[in-house]
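Participant: Here it is, the structure in full.
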Amino acid sequence: QVQLVESGGGSVMAGGSLRLSCAASGWSDPNSRKCMGWFRQAAGKEREGVAMFYFGGRGSTHYADSVKGRFTISRVNANSTVYLQMNSLKPEDTAVYYCAADDWCSIATILNGDFFGYWGQGTQVTVSS
């Protein structure tokens with residue numbers, strides 16, 4: 001059973017930066033179609049896919065349009081830890097951010113939370129204006 005442990009988050013003024021990290025353990029399947037990344041859910045809103053790292057091939061990154069150019073996802077080591085660097089934060093980025101992962105990811109659904117089997121506990125990010 002894969003376990004995800006998140007760290008980072010907190011409160012920041014608009015325009016500031018934060019970094020989230022997510023460490024995975026317990027991968028048992030060596031296949032290369034794993035992915036890890038982040039979703040978020042603001043109060044009263046639907047869950048939104050934010051950024052995802054796909055480990056297949058040489059690896060690829062995928063972002064929601066709302067964060068492109070401001071957020072960067074990266075991995076530290078193979079299949080274990082990913083970071084989400086969040087720059088130029090806006091009040092609308094305020095949400096609980098959840099790390100998510102799965103063993104068999106498809107590029108077509110990589111930002112759709114319905115296709116993820118492993119979730120972290122969530123960490124609050126608050127951006128004040």
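Labels for the structure tokens follow display order: chains A, B, ..., residues from 1 in each chain, ligands from 1.
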Mind running stretch 72-125 of chain A against stretch 19-22 of chain A at 8 Å and telling me each contacting residue's nearest atom pair with the distance in Å (one decimal), counting only C-alpha atoms, chain and number ascending, as CSV?
Facilitator:
```
residue,atom,partner,partner_atom,distance
A:Thr81,CA,A:Cys22,CA,5.5
A:Val82,CA,A:Cys22,CA,5.4
A:Tyr83,CA,A:Ser21,CA,4.4
A:Leu84,CA,A:Leu20,CA,5.0
A:Gln85,CA,A:Arg19,CA,4.5
A:Met86,CA,A:Arg19,CA,5.9
A:Cys99,CA,A:Cys22,CA,6.3
```
Participant: Neighbouring residues of A:Trp119 were defined as those with any atom within 7 Å, considering only C-alpha atoms; residues of the same chain fewer than 6 positions away were excluded. Please report them as JSON, numbers by chain.
Facilitator: {"A": [4, 98, 99, 100, 101]}
Participant: Can you tell me, as a list in words, what residues are no more than 9 Å from stretch 39-51 of chain A when counting only C-alpha atoms, ignoring any on the same chain fewer than 3 positions away?
Facilitator: Met36, Thr61, His62, Tyr63, Ala64, Asp65, Ser66, Val67, Lys68, Phe71, Thr72, Ile73, Leu84, Glu92, Asp93, Thr94, Ala95, Val96, Tyr97, Tyr98, Cys99, Ala100, Ile110, Leu111, Asn112, Gly113 and Gly122 of chain A
Participant: Got time to write the residues from that selection, C-alpha atoms, as a PDB file, in the first residue's frame?
Facilitator:
```
ATOM      1  CA  MET A  36       2.435  11.795  -8.457  1.00  0.00           C
ATOM      2  CA  THR A  61       4.817  17.446 -16.250  1.00  0.00           C
ATOM      3  CA  HIS A  62       1.213  18.540 -16.538  1.00  0.00           C
ATOM      4  CA  TYR A  63      -0.479  21.644 -15.175  1.00  0.00           C
ATOM      5  CA  ALA A  64      -3.868  23.205 -14.814  1.00  0.00           C
ATOM      6  CA  ASP A  65      -4.215  26.348 -16.932  1.00  0.00           C
ATOM      7  CA  SER A  66      -4.789  28.369 -13.772  1.00  0.00           C
ATOM      8  CA  VAL A  67      -1.267  27.686 -12.482  1.00  0.00           C
ATOM      9  CA  LYS A  68       0.823  27.473 -15.662  1.00  0.00           C
ATOM     10  CA  PHE A  71       3.793  26.589 -10.317  1.00  0.00           C
ATOM     11  CA  THR A  72       6.509  24.045 -11.033  1.00  0.00           C
ATOM     12  CA  ILE A  73       6.417  20.368 -10.148  1.00  0.00           C
ATOM     13  CA  LEU A  84       5.506  21.756  -5.953  1.00  0.00           C
ATOM     14  CA  GLU A  92      -7.618  32.296  -5.382  1.00  0.00           C
ATOM     15  CA  ASP A  93      -4.867  29.719  -4.793  1.00  0.00           C
ATOM     16  CA  THR A  94      -6.123  29.369  -1.218  1.00  0.00           C
ATOM     17  CA  ALA A  95      -7.179  25.754  -0.710  1.00  0.00           C
ATOM     18  CA  VAL A  96      -6.331  22.467   0.907  1.00  0.00           C
ATOM     19  CA  TYR A  97      -3.705  20.847  -1.283  1.00  0.00           C
ATOM     20  CA  TYR A  98      -3.636  17.072  -1.532  1.00  0.00           C
ATOM     21  CA  CYS A  99      -0.827  14.923  -2.816  1.00  0.00           C
ATOM     22  CA  ALA A 100      -2.067  12.061  -4.976  1.00  0.00           C
ATOM     23  CA  ILE A 110      -3.786  12.780 -15.411  1.00  0.00           C
ATOM     24  CA  LEU A 111      -5.478  15.741 -13.720  1.00  0.00           C
ATOM     25  CA  ASN A 112      -8.687  13.870 -12.940  1.00  0.00           C
ATOM     26  CA  GLY A 113      -8.843  12.851  -9.307  1.00  0.00           C
ATOM     27  CA  GLY A 122      -3.895  17.419   2.818  1.00  0.00           C
TER      28      GLY A 122
END
```
